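Structure data follow from run-v7.cif (mmCIF, C-alpha atoms and all ligand atoms):
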```cif
data_coords
loop_
_atom_site.label_atom_id
_atom_site.label_comp_id
_atom_site.auth_asym_id
_atom_site.auth_seq_id
_atom_site.Cartn_x
_atom_site.Cartn_y
_atom_site.Cartn_z
CA MET K 1 -12.62 56.15 100.95
CA ARG K 2 -11.90 54.97 104.49
CA LEU K 3 -12.31 51.22 104.22
CA VAL K 4 -11.92 48.20 106.50
CA LEU K 5 -11.63 44.66 105.11
CA VAL K 6 -12.85 41.83 107.32
CA GLY K 7 -12.96 38.09 106.82
CA PRO K 8 -11.36 34.96 108.25
CA PRO K 9 -7.67 34.10 107.86
CA GLY K 10 -7.16 33.04 104.24
CA ALA K 11 -10.28 34.78 102.93
CA GLY K 12 -8.13 36.75 100.50
CA LYS K 13 -7.96 40.09 102.32
CA GLY K 14 -4.30 40.66 101.44
CA THR K 15 -4.81 39.48 97.85
CA GLN K 16 -7.83 41.74 97.23
CA ALA K 17 -6.35 44.67 99.20
CA VAL K 18 -3.72 45.21 96.50
CA PHE K 19 -6.32 45.59 93.71
CA ILE K 20 -8.82 47.58 95.76
CA ALA K 21 -6.18 50.02 97.03
CA GLU K 22 -4.92 50.53 93.48
CA CYS K 23 -8.42 51.03 92.05
CA PHE K 24 -9.45 53.65 94.63
CA GLU K 25 -5.95 55.17 94.99
CA ILE K 26 -5.70 54.71 98.74
CA PRO K 27 -2.83 53.30 100.83
CA LYS K 28 -3.14 49.68 101.95
CA ILE K 29 -2.42 49.30 105.65
CA SER K 30 -2.03 45.67 106.72
CA THR K 31 -1.29 45.17 110.41
CA GLY K 32 -0.06 41.60 109.75
CA ASP K 33 2.41 42.91 107.12
CA ILE K 34 3.64 45.64 109.47
CA PHE K 35 4.19 43.07 112.25
CA ARG K 36 5.99 40.69 109.85
CA ALA K 37 8.24 43.51 108.58
CA ASN K 38 9.14 44.22 112.22
CA VAL K 39 9.85 40.54 112.88
CA SER K 40 12.20 40.26 109.90
CA GLY K 41 13.78 43.62 110.73
CA GLY K 42 14.47 42.38 114.28
CA THR K 43 12.86 45.38 116.01
CA GLU K 44 11.64 45.46 119.60
CA LEU K 45 8.04 45.50 118.33
CA GLY K 46 8.77 42.48 116.12
CA ARG K 47 10.30 40.48 118.99
CA MET K 48 7.29 41.22 121.14
CA ALA K 49 4.71 40.45 118.43
CA LYS K 50 6.36 37.24 117.19
CA LYS K 51 5.37 35.05 120.12
CA TYR K 52 1.71 35.94 119.71
CA MET K 53 1.80 35.54 115.92
CA ASP K 54 3.53 32.15 116.06
CA ALA K 55 0.86 30.94 118.47
CA GLY K 56 -1.92 32.31 116.27
CA ASP K 57 -3.07 34.70 118.99
CA LEU K 58 -3.77 38.40 118.69
CA VAL K 59 -1.00 40.82 119.61
CA PRO K 60 -2.21 42.83 122.67
CA ASP K 61 -4.57 45.69 121.82
CA GLU K 62 -2.50 48.48 123.38
CA VAL K 63 0.45 47.63 121.11
CA THR K 64 -1.64 47.18 117.96
CA ASN K 65 -3.79 50.26 118.59
CA ALA K 66 -0.75 52.50 119.10
CA MET K 67 0.80 51.18 115.88
CA VAL K 68 -2.36 51.87 113.87
CA ARG K 69 -2.82 55.31 115.42
CA ASP K 70 0.71 56.25 114.26
CA ARG K 71 0.15 54.83 110.81
CA LEU K 72 -3.15 56.67 110.28
CA ALA K 73 -1.44 59.93 111.26
CA GLN K 74 0.91 59.64 108.24
CA PRO K 75 0.14 62.15 105.47
CA ASP K 76 -0.72 59.49 102.87
CA ALA K 77 -3.70 58.32 104.96
CA LYS K 78 -5.24 61.78 105.12
CA ASP K 79 -7.58 61.29 102.15
CA GLY K 80 -8.47 57.67 102.75
CA PHE K 81 -7.04 54.23 103.45
CA LEU K 82 -7.70 50.51 103.33
CA LEU K 83 -7.21 48.65 106.61
CA ASP K 84 -6.46 44.92 106.24
CA GLY K 85 -6.41 42.98 109.52
CA PHE K 86 -7.52 45.80 111.80
CA PRO K 87 -9.77 46.03 113.75
CA ARG K 88 -9.87 42.42 114.87
CA ASN K 89 -12.04 42.61 117.95
CA VAL K 90 -14.74 44.92 119.25
CA ALA K 91 -12.29 46.84 121.49
CA GLN K 92 -10.09 47.66 118.48
CA ALA K 93 -13.18 48.76 116.54
CA GLY K 94 -14.01 51.17 119.38
CA GLU K 95 -10.45 52.49 119.29
CA LEU K 96 -10.66 53.01 115.52
CA ASP K 97 -13.91 54.95 115.91
CA GLY K 98 -12.17 57.12 118.51
CA ILE K 99 -9.15 57.81 116.26
CA LEU K 100 -11.38 58.66 113.29
CA ASN K 101 -13.65 60.89 115.39
CA GLU K 102 -10.59 62.87 116.47
CA LEU K 103 -9.65 63.26 112.81
CA GLY K 104 -13.25 64.19 111.93
CA ALA K 105 -13.24 61.48 109.27
CA PRO K 106 -15.57 58.54 109.94
CA LEU K 107 -15.29 55.14 108.31
CA SER K 108 -16.93 54.94 104.87
CA VAL K 109 -17.58 51.20 104.67
CA VAL K 110 -16.57 47.75 105.93
CA LEU K 111 -16.22 45.01 103.31
CA ASP K 112 -16.74 41.45 104.55
CA LEU K 113 -15.18 38.69 102.42
CA ASP K 114 -17.47 35.74 102.89
CA VAL K 115 -15.92 32.23 102.50
CA ASP K 116 -16.43 28.91 104.25
CA PHE K 117 -13.86 27.40 106.60
CA GLU K 118 -13.10 24.46 104.31
CA GLU K 119 -11.96 26.82 101.58
CA VAL K 120 -9.81 28.98 103.87
CA VAL K 121 -7.95 25.90 105.11
CA LYS K 122 -7.13 25.03 101.47
CA ARG K 123 -6.06 28.59 100.72
CA LEU K 124 -3.80 28.83 103.77
CA SER K 125 -2.13 25.46 103.39
CA GLY K 126 -1.01 26.30 99.83
CA ARG K 127 -0.03 29.92 100.44
CA ARG K 128 3.53 30.98 99.64
CA THR K 129 4.80 34.54 100.03
CA CYS K 130 7.71 36.28 98.30
CA LYS K 131 10.53 37.22 100.69
CA LYS K 132 11.54 40.14 98.51
CA CYS K 133 8.36 41.86 97.23
CA GLY K 134 5.71 40.31 99.51
CA HIS K 135 3.52 39.05 96.66
CA VAL K 136 1.23 36.23 97.77
CA TRP K 137 1.06 33.04 95.65
CA HIS K 138 -0.77 29.75 95.98
CA LEU K 139 0.68 26.33 95.09
CA GLU K 140 -2.50 25.32 93.29
CA TYR K 141 -4.70 28.36 92.65
CA ASP K 142 -2.06 30.91 91.66
CA ALA K 143 1.24 29.12 91.15
CA PRO K 144 4.41 30.88 89.94
CA ALA K 145 5.96 29.61 86.69
CA VAL K 146 9.00 28.20 88.51
CA ALA K 147 8.32 26.50 91.85
CA GLY K 148 9.66 28.45 94.82
CA ILE K 149 10.51 31.60 92.81
CA CYS K 150 8.43 34.78 92.51
CA ASP K 151 7.40 35.60 88.91
CA LYS K 152 7.25 39.29 89.71
CA CYS K 153 10.75 39.84 91.13
CA GLY K 154 12.70 36.55 91.19
CA GLY K 155 12.59 36.49 95.01
CA GLU K 156 12.45 33.31 97.07
CA LEU K 157 9.05 32.09 98.30
CA TYR K 158 8.42 30.99 101.89
CA GLN K 159 5.58 29.56 103.94
CA ARG K 160 4.40 31.72 106.83
CA ASP K 161 5.21 30.26 110.27
CA ASP K 162 1.58 30.62 111.29
CA ASP K 163 0.29 28.58 108.32
CA LYS K 164 1.09 25.25 110.00
CA PRO K 165 -2.14 23.21 110.33
CA GLU K 166 -2.37 23.36 114.15
CA THR K 167 -1.76 27.12 114.18
CA VAL K 168 -4.30 27.62 111.39
CA ARG K 169 -6.93 25.82 113.48
CA HIS K 170 -6.24 28.11 116.42
CA ARG K 171 -6.32 31.24 114.22
CA LEU K 172 -9.75 30.17 112.94
CA ASP K 173 -10.97 29.76 116.54
CA VAL K 174 -9.61 33.19 117.44
CA TYR K 175 -11.40 34.59 114.39
CA ALA K 176 -14.71 32.97 115.36
CA GLU K 177 -14.49 34.14 118.97
CA GLN K 178 -13.01 37.60 118.67
CA THR K 179 -13.25 38.89 115.09
CA ALA K 180 -16.54 37.49 113.74
CA PRO K 181 -18.56 39.61 116.25
CA LEU K 182 -17.36 42.67 114.30
CA ILE K 183 -19.69 41.71 111.47
CA GLY K 184 -22.74 42.29 113.66
CA PHE K 185 -21.12 45.38 115.17
CA TYR K 186 -20.64 47.01 111.76
CA ARG K 187 -23.98 45.78 110.42
CA ASP K 188 -25.72 47.51 113.35
CA ALA K 189 -23.69 50.64 112.57
CA GLY K 190 -24.97 50.52 108.97
CA LYS K 191 -21.42 50.19 107.60
CA LEU K 192 -21.31 46.57 106.46
CA VAL K 193 -21.24 45.32 102.86
CA ALA K 194 -20.63 41.59 102.31
CA ILE K 195 -19.55 39.82 99.14
CA ASP K 196 -19.12 36.20 98.19
CA ALA K 197 -15.33 35.65 98.17
CA LEU K 198 -15.42 32.21 96.51
CA GLY K 199 -14.27 31.85 92.92
CA ALA K 200 -11.38 33.20 90.90
CA VAL K 201 -9.34 36.10 92.32
CA GLU K 202 -10.33 38.44 89.47
CA ASP K 203 -14.05 37.63 89.88
CA VAL K 204 -13.85 38.46 93.58
CA THR K 205 -12.03 41.72 92.73
CA GLU K 206 -14.80 42.64 90.32
CA ARG K 207 -17.45 41.99 93.00
CA ALA K 208 -15.49 43.98 95.57
CA ILE K 209 -15.05 47.00 93.32
CA ALA K 210 -18.73 46.96 92.31
CA ALA K 211 -19.77 46.80 95.98
CA LEU K 212 -17.40 49.62 97.02
CA THR K 213 -17.87 52.07 94.16
CA PRO K 214 -20.94 53.75 95.76
CA TYR K 215 -18.72 54.67 98.74
CA ALA K 216 -15.84 56.08 96.71
CA ASP K 217 -16.48 59.68 97.72
CA ALA K 218 -18.16 59.02 101.06
P1 LIG A 301 -2.69 38.61 109.23
O1 LIG A 301 -1.46 38.71 108.45
O2 LIG A 301 -3.70 39.69 109.15
O3 LIG A 301 -3.35 37.21 108.94
P2 LIG A 301 -4.88 36.72 108.83
O4 LIG A 301 -5.97 37.62 109.23
O5 LIG A 301 -4.85 35.42 109.51
O6 LIG A 301 -5.15 36.67 107.34
P3 LIG A 301 -4.24 36.06 106.28
O7 LIG A 301 -3.19 37.05 105.90
O8 LIG A 301 -3.79 34.72 106.74
O9 LIG A 301 -5.28 35.83 105.10
P4 LIG A 301 -5.78 36.80 103.95
O10 LIG A 301 -7.24 36.98 104.14
O11 LIG A 301 -4.94 38.02 103.83
O12 LIG A 301 -5.56 35.84 102.70
P5 LIG A 301 -4.55 35.96 101.46
O13 LIG A 301 -4.95 37.08 100.58
O14 LIG A 301 -3.15 35.89 101.91
O15 LIG A 301 -2.33 38.45 110.78
C1 LIG A 301 -1.30 37.58 111.20
C2 LIG A 301 -1.08 37.69 112.70
O16 LIG A 301 -0.66 39.04 113.04
C3 LIG A 301 -2.34 37.46 113.58
O17 LIG A 301 -2.56 36.10 113.83
C4 LIG A 301 -1.95 38.26 114.83
O18 LIG A 301 -1.04 37.54 115.65
C5 LIG A 301 -1.23 39.47 114.27
N1 LIG A 301 -2.17 40.58 114.00
C6 LIG A 301 -2.46 41.15 112.79
N2 LIG A 301 -3.37 42.12 112.94
C7 LIG A 301 -3.68 42.18 114.26
C8 LIG A 301 -4.57 42.97 115.03
N3 LIG A 301 -5.36 43.91 114.46
N4 LIG A 301 -4.62 42.75 116.37
C9 LIG A 301 -3.85 41.84 116.95
N5 LIG A 301 -3.00 41.04 116.29
C10 LIG A 301 -2.91 41.20 114.94
O19 LIG A 301 -4.95 34.60 100.69
C11 LIG A 301 -4.65 33.33 101.22
C12 LIG A 301 -4.21 32.37 100.11
O20 LIG A 301 -5.33 32.13 99.25
C13 LIG A 301 -3.10 32.89 99.20
O21 LIG A 301 -2.22 31.84 98.88
C14 LIG A 301 -3.82 33.40 97.95
O22 LIG A 301 -3.01 33.28 96.80
C15 LIG A 301 -5.02 32.47 97.91
N6 LIG A 301 -6.23 33.10 97.35
C16 LIG A 301 -6.69 34.36 97.60
N7 LIG A 301 -7.85 34.58 96.94
C17 LIG A 301 -8.14 33.42 96.29
C18 LIG A 301 -9.21 33.02 95.45
N8 LIG A 301 -10.22 33.85 95.13
N9 LIG A 301 -9.19 31.75 94.95
C19 LIG A 301 -8.18 30.90 95.27
N10 LIG A 301 -7.13 31.23 96.05
C20 LIG A 301 -7.11 32.48 96.56
MG MG A 302 -3.23 38.77 104.83
ZN ZN A 303 8.48 38.88 94.59
#
```
What would the structure in this file look like if it were written as structure tokens?
Ligand code: AP5
Ligand code: MG
Ligand code: ZN
Amino acid sequence: MRLVLVGPPGAGKGTQAVFIAECFEIPKISTGDIFRANVSGGTELGRMAKKYMDAGDLVPDEVTNAMVRDRLAQPDAKDGFLLDGFPRNVAQAGELDGILNELGAPLSVVLDLDVDFEEVVKRLSGRRTCKKCGHVWHLEYDAPAVAGICDKCGGELYQRDDDKPETVRHRLDVYAEQTAPLIGFYRDAGKLVAIDALGAVEDVTERAIAALTPYADA
């Protein structure tokens, strides 16, 4: 399955991506995670991306597109993949179509996680991420047993720099202006499947897997 996840910041793309990728045995490719790994690794790419990320803006398309092109050329993506956070505007969607046409492997489906803005603000303000294993927690909805410590690996939890309230507001505006038009784009292409992403994490996972199963061998 060649799958794209879309939805606003805080919709639960990263959370659901883990379960969906595991269920369908495909690699999870998250452009935000790749950028953050480059920031903490102090690479040239990370230094360049950081100023856009901290402001809540999109990293320029030519940089992001080249990064995704390289990643999709890796052998593990040959038989399918889950993209989380890419494409994020119509130009990137065009680029993805181009890459997949060259590979002779069109997109199977685009899953839209539907949540209202009030809920995403709550999800983002309580999000905490493990420094060591990357697991995503929530202070209220999915709290670790010991505050500030990851249950899975004992790592220290941190709040993402771009989860400050003023940056969150800007990210939501960027989503509405640049990313939301993708929903119409993929609907017109006959690729879109939307699910209600409100409710418990495991209920959303169940809905996602049920919606995606018909595309498993497409
Ligand atoms: P990115 O990392 O992709 O951030 P985002 O799109 O803003 O999405 P988030 O990761 O914030 O939200 P999510 O949907 O993954 O939610 P999560 O599962 O964590 O991008 C960051 C930056 O990188 C961008 O701003 C940009 O600068 C750059 N970038 C990335 N891709 C780019 C691209 N293609 N082009 C250009 N620039 C790019 O969940 C959120 C919280 O809610 C968690 O605490 C979780 O525990 C909780 N939660 C999840 N599900 C539920 C539930 N069902 N009930 C209750 N709580 C829940
Ligand atoms: Mg994410
Ligand atoms: Zn951890």
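Close contacts of range 140-153 of chain K, defined as residues with an atom at most 7 Å away when counting all atoms listed in the file, with chain neighbours fewer than 5 positions off set aside, comprise Gly126, Cys130 and Cys133 of chain K.
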| Within 6 Å of ligand LIG 301 (chain A), counting only C-alpha atoms and all ligand atoms, residues as JSON, numbers by chain | {"K": [9, 10, 11, 12, 13, 14, 15, 31, 32, 33, 52, 53, 56, 57, 58, 59, 64, 85, 86, 87, 88, 123, 124, 126, 127, 128, 136, 137, 138, 141, 142, 198, 199, 200, 201]}
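Here CA of Val109 in chain K stands at a distance of 27.9 Å from CA of Val168 in chain K.
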Q. Could you list as a PyMOL selection string every residue that has an atom within 12 Å of (-6.8, 53.6, 95.2), using the file's coordinates and counting all atoms listed in the file?
A. chain K and resi 1-3+17-28+76-77+79-82+209+212-213+216-217
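Comparing the minimum interatomic distances between Asn65 in chain K and each of K:Glu102, K:Glu44, K:Asp173, K:Glu95, counting only C-alpha atoms, we find that K:Glu95 sits nearest.
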For range 132-149 of chain K, take all atoms listed in the file, fit an axis-aligned box around them, add 6 Å to each of the six sides, then output centre and edge lengths in Å rounded to one decimal, as lines of an AutoDock Vina configuration file.
```
center_x = 3.4
center_y = 33.6
center_z = 93.1
size_x = 28.2
size_y = 28.5
size_z = 24.8
```
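Remark: for ligand MG 302 (chain A), the closest of the candidate residues K:Glu119, K:Asp196, K:Asp162, K:Asp61 is K:Asp162 (distances computed over only C-alpha atoms and all ligand atoms).
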